[in-house]
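Note: the block below is query05.cif and it holds mmCIF, C-alpha atoms.
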data_my_file
#
loop_
_atom_site.label_atom_id
_atom_site.label_comp_id
_atom_site.auth_asym_id
_atom_site.auth_seq_id
_atom_site.Cartn_x
_atom_site.Cartn_y
_atom_site.Cartn_z
CA LYS F 1 -32.64 -4.81 7.80
CA GLU F 2 -29.29 -5.54 9.38
CA GLU F 3 -26.43 -3.31 8.28
CA GLY F 4 -23.74 -4.87 6.14
CA THR F 5 -22.44 -5.33 2.63
CA VAL F 6 -24.05 -7.39 -0.11
CA ASP F 7 -22.03 -9.26 -2.72
CA GLU F 8 -24.74 -9.81 -5.33
CA LEU F 9 -22.26 -10.61 -8.09
CA GLY F 10 -20.31 -13.10 -5.97
CA ILE F 11 -16.94 -11.49 -6.62
CA GLY F 12 -15.76 -11.48 -3.00
CA SER F 13 -14.55 -15.07 -2.89
CA ILE F 14 -12.66 -14.66 -6.19
CA ARG F 15 -11.11 -11.40 -5.03
CA ASP F 16 -10.02 -12.92 -1.73
CA ALA F 17 -8.55 -16.02 -3.38
CA VAL F 18 -6.45 -13.93 -5.78
CA ALA F 19 -5.36 -11.52 -3.04
CA ASP F 20 -4.39 -14.35 -0.67
CA ALA F 21 -2.35 -16.04 -3.39
CA LEU F 22 -0.48 -12.87 -4.35
CA PHE F 23 -0.13 -11.10 -0.98
CA PRO F 24 -0.94 -13.50 1.90
CA GLY F 25 -1.89 -11.90 5.21
CA THR F 26 -2.67 -8.46 3.81
CA SER F 27 -5.97 -6.59 3.55
CA VAL F 28 -7.20 -3.16 2.56
CA LEU F 29 -7.57 -2.31 6.27
CA GLN F 30 -3.80 -2.39 6.76
CA THR F 31 -2.08 0.89 5.92
CA ARG F 32 0.98 1.04 8.23
CA LEU F 33 3.33 -1.92 8.51
CA ARG F 34 4.67 -1.12 11.97
CA TYR F 35 1.29 -2.07 13.47
CA ILE F 36 2.34 -5.68 12.88
CA LEU F 37 5.02 -5.08 15.53
CA PHE F 38 2.93 -2.81 17.76
CA ILE F 39 0.40 -5.59 18.44
CA PRO F 40 2.83 -8.25 19.76
CA TRP F 41 4.64 -5.54 21.74
CA LEU F 42 1.30 -4.66 23.34
CA MET F 43 0.75 -8.34 24.09
CA GLN F 44 4.10 -8.49 25.84
CA TYR F 45 3.31 -5.28 27.71
CA ALA F 46 -0.06 -6.62 28.87
CA ALA F 47 1.48 -9.90 30.06
CA GLN F 48 4.02 -8.18 32.32
CA GLY F 49 3.61 -8.58 36.06
CA ASN F 50 1.63 -11.04 38.14
CA ARG F 51 -1.81 -10.69 36.53
CA SER F 52 -4.69 -13.01 35.79
CA SER F 53 -5.59 -13.76 32.18
CA THR F 54 -8.61 -11.46 32.47
CA GLU F 55 -6.44 -8.63 33.77
CA MET F 56 -3.99 -9.19 30.92
CA SER F 57 -6.80 -9.01 28.36
CA THR F 58 -8.10 -5.80 29.89
CA ARG F 59 -4.64 -4.25 29.95
CA PHE F 60 -4.11 -5.27 26.31
CA ARG F 61 -7.34 -3.58 25.24
CA ASP F 62 -6.52 -0.43 27.24
CA SER F 63 -3.04 -0.31 25.74
CA GLU F 64 -4.49 -0.21 22.21
CA PHE F 65 -6.05 3.12 23.15
CA LEU F 66 -2.74 4.25 24.68
CA LEU F 67 -1.16 3.54 21.31
CA ILE F 68 -3.41 6.13 19.66
CA SER F 69 -2.10 8.81 22.02
CA ALA F 70 1.50 7.63 21.57
CA LEU F 71 1.25 7.92 17.78
CA ARG F 72 -0.36 11.33 18.02
CA ALA F 73 2.46 12.40 20.36
CA GLY F 74 4.86 11.14 17.69
CA ASP F 75 3.30 13.60 15.21
CA GLU F 76 1.55 10.85 13.26
CA LYS F 77 -1.88 11.65 11.83
CA LEU F 78 -2.49 9.72 8.62
CA GLY F 79 -2.88 6.00 9.15
CA VAL F 80 -3.47 6.20 12.92
CA ILE F 81 -6.30 3.80 13.73
CA GLY F 82 -8.65 5.70 16.04
CA ASN F 83 -7.17 9.14 15.37
CA THR F 84 -10.67 10.60 15.12
CA ALA F 85 -12.74 8.19 17.23
CA LEU F 86 -10.16 8.05 20.08
CA GLY F 87 -11.77 6.35 23.08
CA LYS F 88 -14.91 5.50 21.09
CA LEU F 89 -13.00 3.35 18.62
CA LYS F 90 -14.90 0.12 17.92
CA ARG F 91 -12.54 -1.81 15.64
CA LEU F 92 -9.17 -2.01 17.32
CA PRO F 93 -5.81 -2.45 15.51
CA SER F 94 -5.38 -6.00 16.82
CA SER F 95 -8.46 -7.16 14.89
CA MET F 96 -7.04 -5.74 11.64
CA TYR F 97 -3.55 -7.23 11.97
CA TRP F 98 -4.18 -10.43 13.95
CA ALA F 99 -4.59 -12.67 10.88
CA ALA F 100 -1.40 -11.31 9.31
CA MET F 101 0.54 -12.05 12.50
CA GLY F 102 -0.51 -15.69 12.22
CA THR F 103 0.10 -15.94 8.47
CA TRP F 104 3.59 -14.49 8.83
CA GLY F 105 4.52 -16.64 11.82
CA ILE F 106 4.80 -13.77 14.30
CA ARG F 107 2.37 -15.50 16.64
CA ASN F 108 1.03 -19.00 17.15
CA GLY F 109 -1.46 -19.31 14.30
CA ASP F 110 -4.17 -21.00 16.39
CA LEU F 111 -4.47 -18.38 19.13
CA SER F 112 -6.92 -15.59 19.84
CA PRO F 113 -5.75 -12.75 22.12
CA GLU F 114 -7.79 -14.22 24.98
CA ALA F 115 -6.28 -17.67 24.47
CA TYR F 116 -2.79 -16.16 24.40
CA PHE F 117 -3.27 -14.56 27.81
CA ARG F 118 -4.85 -17.70 29.27
CA ARG F 119 -1.81 -19.67 28.17
CA GLN F 120 0.54 -17.04 29.56
CA TYR F 121 -1.22 -17.35 32.90
CA GLU F 122 -1.02 -21.16 32.79
CA TYR F 123 2.65 -21.07 31.81
CA ARG F 124 3.44 -18.96 34.86
CA ARG F 125 1.45 -21.18 37.19
CA LEU F 126 3.31 -24.18 35.79
CA ALA F 127 6.67 -22.47 36.12
CA THR F 128 6.08 -21.54 39.77
CA SER F 129 4.73 -24.97 40.74
CA THR F 130 7.42 -27.01 38.97
CA ALA F 131 10.71 -27.73 40.67
CA LYS F 132 13.65 -26.19 38.84
CA ALA F 133 16.22 -28.65 37.52
CA ASP F 134 19.93 -28.05 37.17
CA ASP F 135 19.98 -29.85 33.83
CA PRO F 136 20.22 -27.23 31.01
CA GLU F 137 18.23 -29.53 28.71
CA SER F 138 15.35 -29.53 31.17
CA ARG F 139 15.24 -25.75 31.16
CA ALA F 140 15.29 -25.78 27.36
CA LEU F 141 11.95 -27.59 27.42
CA ALA F 142 10.19 -24.74 29.24
CA PRO F 143 6.94 -23.56 27.59
CA LEU F 144 7.22 -21.02 24.81
CA ASN F 145 5.37 -17.71 24.91
CA ASP F 146 3.55 -18.20 21.57
CA LEU F 147 5.28 -15.22 19.95
CA ASP F 148 8.21 -15.44 17.56
CA PRO F 149 11.36 -15.46 19.75
CA HIS F 150 13.14 -13.39 17.09
CA LEU F 151 10.62 -10.54 17.40
CA PRO F 152 12.48 -7.19 17.64
CA THR F 153 12.47 -5.55 21.06
CA ALA F 154 10.07 -2.66 21.59
CA PRO F 155 11.86 0.72 21.85
CA PRO F 156 12.05 2.25 25.35
CA GLY F 157 9.11 4.49 26.26
CA TRP F 158 7.32 3.74 23.02
CA LEU F 159 3.84 3.84 24.58
CA GLY F 160 4.49 7.49 25.44
CA ARG F 161 5.68 8.54 21.99
CA VAL F 162 6.17 6.52 18.82
CA ASP F 163 5.88 6.81 15.05
CA PHE F 164 5.44 4.53 12.05
CA LYS F 165 9.06 4.59 10.87
CA LEU F 166 10.61 1.12 10.90
CA THR F 167 14.15 0.72 12.15
CA PRO F 168 16.62 -1.14 9.89
CA ASP F 169 16.41 -4.18 12.20
CA GLU F 170 12.63 -4.14 12.07
CA GLU F 171 12.67 -3.87 8.27
CA GLN F 172 15.03 -6.82 8.02
CA TYR F 173 12.99 -8.90 10.45
CA LEU F 174 9.71 -8.33 8.61
CA SER F 175 11.34 -8.94 5.23
CA ASP F 176 12.75 -12.24 6.50
CA VAL F 177 9.56 -13.56 8.12
CA ILE F 178 7.28 -12.55 5.23
CA ALA F 179 9.63 -14.02 2.62
CA ALA F 180 9.97 -17.24 4.63
CA THR F 181 6.27 -17.79 5.37
CA THR F 182 4.89 -16.75 1.97
CA ALA F 183 7.69 -18.25 -0.11
CA ASP F 184 5.76 -18.88 -3.36
CA SER F 185 3.81 -15.62 -3.36
CA MET F 186 4.27 -12.35 -5.22
CA PHE F 187 4.80 -10.76 -1.81
CA ALA F 188 7.92 -12.82 -1.15
CA TRP F 189 9.21 -12.34 -4.70
CA LEU F 190 8.89 -8.56 -4.48
CA ILE F 191 10.76 -8.53 -1.16
CA ARG F 192 13.66 -10.29 -2.89
CA ASN F 193 13.27 -8.34 -6.15
CA GLN F 194 12.23 -4.81 -5.23
CA PRO F 195 10.89 -2.77 -8.18
CA THR F 196 12.55 0.52 -9.03
CA GLU F 197 9.17 2.21 -9.53
CA LEU F 198 5.94 1.56 -7.63
CA SER F 199 2.44 1.44 -9.09
CA ASP F 200 -1.14 1.15 -7.86
CA TYR F 201 -1.42 -2.10 -9.84
CA VAL F 202 0.92 -5.05 -9.51
CA TRP F 203 0.76 -5.77 -13.24
CA LYS F 204 2.23 -2.33 -13.94
CA LEU F 205 5.41 -2.84 -11.91
CA GLY F 206 8.52 -2.39 -14.01
CA ASN F 207 10.13 -5.73 -13.15
CA ILE F 208 7.02 -7.90 -13.47
CA ASP F 209 8.36 -9.67 -16.57
CA ASP F 210 11.17 -11.10 -14.44
CA ALA F 211 8.76 -12.87 -12.07
CA PRO F 212 8.27 -16.67 -12.26
CA GLU F 213 5.79 -17.85 -14.88
CA GLN F 214 3.18 -19.05 -12.39
CA LEU F 215 3.13 -15.63 -10.72
CA ARG F 216 2.90 -13.83 -14.07
CA ASP F 217 -0.06 -16.04 -15.00
CA LEU F 218 -1.82 -15.33 -11.71
CA ILE F 219 -1.21 -11.59 -12.09
CA ASP F 220 -2.67 -11.71 -15.59
CA HIS F 221 -5.80 -13.39 -14.20
CA ALA F 222 -5.97 -10.66 -11.54
CA ARG F 223 -5.66 -7.95 -14.21
CA ARG F 224 -8.42 -9.50 -16.31
CA PHE F 225 -10.68 -9.92 -13.29
CA HIS F 226 -10.06 -6.32 -12.22
CA THR F 227 -10.80 -4.94 -15.68
CA THR F 228 -13.93 -7.04 -16.13
CA ILE F 229 -15.53 -6.25 -12.78
CA TYR F 230 -14.64 -2.56 -12.90
CA GLY F 231 -17.37 -2.02 -15.50
CA ALA F 232 -20.03 -3.23 -13.05
CA ALA F 233 -19.03 -0.54 -10.54
CA VAL F 234 -19.06 2.19 -13.20
CA LEU F 235 -22.43 1.05 -14.53
CA TYR F 236 -23.94 1.00 -11.03
CA ASN F 237 -22.76 4.56 -10.38
CA LEU F 238 -24.07 5.66 -13.79
CA LEU F 239 -27.53 4.25 -13.06
CA LEU F 240 -27.59 6.06 -9.70
CA ALA F 241 -26.53 9.32 -11.36
CA ARG F 242 -29.29 8.98 -13.96
CA LYS F 243 -31.87 8.23 -11.31
CA GLY F 244 -30.77 11.31 -9.37
CA GLY F 245 -30.64 13.51 -12.45
CA GLN F 246 -27.00 14.50 -11.80
CA ASP F 247 -25.88 15.57 -15.27
CA ASP F 248 -22.20 16.13 -14.39
CA LEU F 249 -21.86 12.67 -12.92
CA ILE F 250 -23.79 11.13 -15.80
CA ALA F 251 -21.31 12.56 -18.28
CA GLU F 252 -18.35 11.46 -16.13
CA TYR F 253 -19.53 7.88 -15.76
CA GLU F 254 -20.56 7.56 -19.41
CA GLU F 255 -17.04 8.59 -20.37
CA GLU F 256 -15.56 6.07 -17.90
CA LEU F 257 -17.81 3.37 -19.30
CA ALA F 258 -16.60 4.08 -22.83
CA VAL F 259 -12.97 3.85 -21.68
CA TRP F 260 -13.77 0.59 -19.91
CA ARG F 261 -15.29 -0.89 -23.07
CA ASP F 262 -12.07 -0.14 -24.95
CA GLU F 263 -9.96 -1.71 -22.20
CA LEU F 264 -12.21 -4.78 -22.13
CA GLN F 265 -11.69 -5.32 -25.85
CA GLN F 266 -7.94 -5.34 -25.30
CA THR F 267 -8.24 -7.74 -22.34
#
Show how you would write the structure in this file as structure tokens.
Amino acid sequence: KEEGTVDELGIGSIRDAVADALFPGTSVLQTRLRYILFIPWLMQYAAQGNRSSTEMSTRFRDSEFLLISALRAGDEKLGVIGNTALGKLKRLPSSMYWAAMGTWGIRNGDLSPEAYFRRQYEYRRLATSTAKADDPESRALAPLNDLDPHLPTAPPGWLGRVDFKLTPDEEQYLSDVIAATTADSMFAWLIRNQPTELSDYVWKLGNIDDAPEQLRDLIDHARRFHTTIYGAAVLYNLLLARKGGQDDLIAEYEEELAVWRDELQQT
């Protein structure tokens, strides 16, 4: 059989709908926010010079591996995509953060990396074959580069050594674009109303009662869904433990199942 995951209970679509409503553009694959800047910086780096679109795409892919070395040189270990696989890495950072870049308006939402570099190549051909006008308004109509013009500038020498720490300007930029493009989401509300204490669960944040009613209702649905479906995971693990005769795990999961039943009654 082909490798992959199976969603027998059909919870994936519900999970994704709730997650996209609360925190648009995010996924469990994303663990370091500065990657959302690294990727467009790599796109700009790859597009430098007089290269064909194919050469740009190749340089972009190669630069994603350079980024691994740069982060390691910056003493980063946790959260570095490819820190163990290095040159054998299959799933590159761009694939994990590309959707978020579109959702948050950092790139043209309709583009793939390959399409971006094809358009860069065509823009340059057009620019070199079109007569330059003295009229400032004519120059203002020049093609855009498909990346947000307000994107912060990459730090000098960053592909030699870099870390995950955002600069104040980068923090402000990301706060502004996320709040603007996800205006009605919990994401945007939390940017404007930062909680004093963090939690693993959004419904346990200290300032949640101050959120708009529609967001509180959605969070309550998320909490109920989480609590309900959690029992299925515990039960599955319990059945496996029983089948394997693992007494310690059996006792652990039976205890978790009892706790879950109590929580379910309260939900």
Discussion item. Take the PyMOL selection byres ((chain F and resi 209-214) around 12), run it mentally on this structure, and tell me the resulting residues as number ranges by chain.
Written reply: F: 21-22, 184-195, 202-208, 215-221
Worksheet, complete the sentence: Of F:Thr26, F:Thr5, F:Gln265, F:Gln120, the one sitting nearest F:Ser52 when using all atoms listed in the file is F:Gln120
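Proximity to F:Ile229 was assessed for F:Ile106, F:Gly12, F:Arg125, F:Ala154 counting all atoms listed in the file; the smallest distance is recorded for F:Gly12.
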Using all atoms listed in the file, what does the table of stretch 15-38 of chain F residues within 10 Å of stretch 86-104 of chain F look like, with each row giving the shortest atom pair and its distance in Å to one decimal, sorted by chain and ascending number, as JSON lines?
{"residue": "F:Pro24", "atom": "CA", "partner": "F:Thr103", "partner_atom": "CA", "distance": 7.1}
{"residue": "F:Gly25", "atom": "CA", "partner": "F:Ala100", "partner_atom": "CA", "distance": 4.2}
{"residue": "F:Thr26", "atom": "CA", "partner": "F:Ala100", "partner_atom": "CA", "distance": 6.3}
{"residue": "F:Ser27", "atom": "CA", "partner": "F:Met96", "partner_atom": "CA", "distance": 8.2}
{"residue": "F:Val28", "atom": "CA", "partner": "F:Met96", "partner_atom": "CA", "distance": 9.4}
{"residue": "F:Leu29", "atom": "CA", "partner": "F:Met96", "partner_atom": "CA", "distance": 6.4}
{"residue": "F:Gln30", "atom": "CA", "partner": "F:Met96", "partner_atom": "CA", "distance": 6.7}
{"residue": "F:Leu33", "atom": "CA", "partner": "F:Tyr97", "partner_atom": "CA", "distance": 9.4}
{"residue": "F:Tyr35", "atom": "CA", "partner": "F:Tyr97", "partner_atom": "CA", "distance": 7.2}
{"residue": "F:Ile36", "atom": "CA", "partner": "F:Tyr97", "partner_atom": "CA", "distance": 6.2}
{"residue": "F:Leu37", "atom": "CA", "partner": "F:Met101", "partner_atom": "CA", "distance": 8.8}
{"residue": "F:Phe38", "atom": "CA", "partner": "F:Ser94", "partner_atom": "CA", "distance": 9.0}
Discussion item. Residues near stretch 157-170 of chain F, anyone? I mean within 12 Å using all atoms listed in the file, not counting same-chain ones fewer than 5 positions away, as a ChimeraX atom specification.
Written reply: /F:31-39,41-42,45-46,62-81,150-152,175-177
Discussion item. Let me make sure I understand: among F:Pro113, F:Leu238, F:Arg107, F:Asp16, which one has the smallest atom-to-atom distance to F:Thr58 if we use only C-alpha atoms?
Written reply: F:Pro113
Practice prompt. Find the residues around F:Arg51 up to 12 Å (all atoms listed in the file counted), leave out those fewer than 2 positions away in its own chain, and share them as a ChimeraX atom specification.
Written response: /F:45-49,53-60,117-118,120-122,124-125
Practice prompt. Run the PyMOL selection byres ((chain F and resi 11) around 12) mentally over the shown coordinates, then write out the matched residues as a ChimeraX atom specification, using the chain letters and numbers from the document.
Written response: /F:6-10,12-18,225-226,228-230,232-233
Worksheet item: Just how far from atom CA of F:Arg61 is atom CA of F:Thr84, in Å to one decimal?
Response: 17.7 Å
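For the residues F:Ile178, F:Asp146, F:Thr153, F:Leu257, ranking by smallest atom-to-atom distance to F:Leu239 using all atoms listed in the file places F:Leu257 first.
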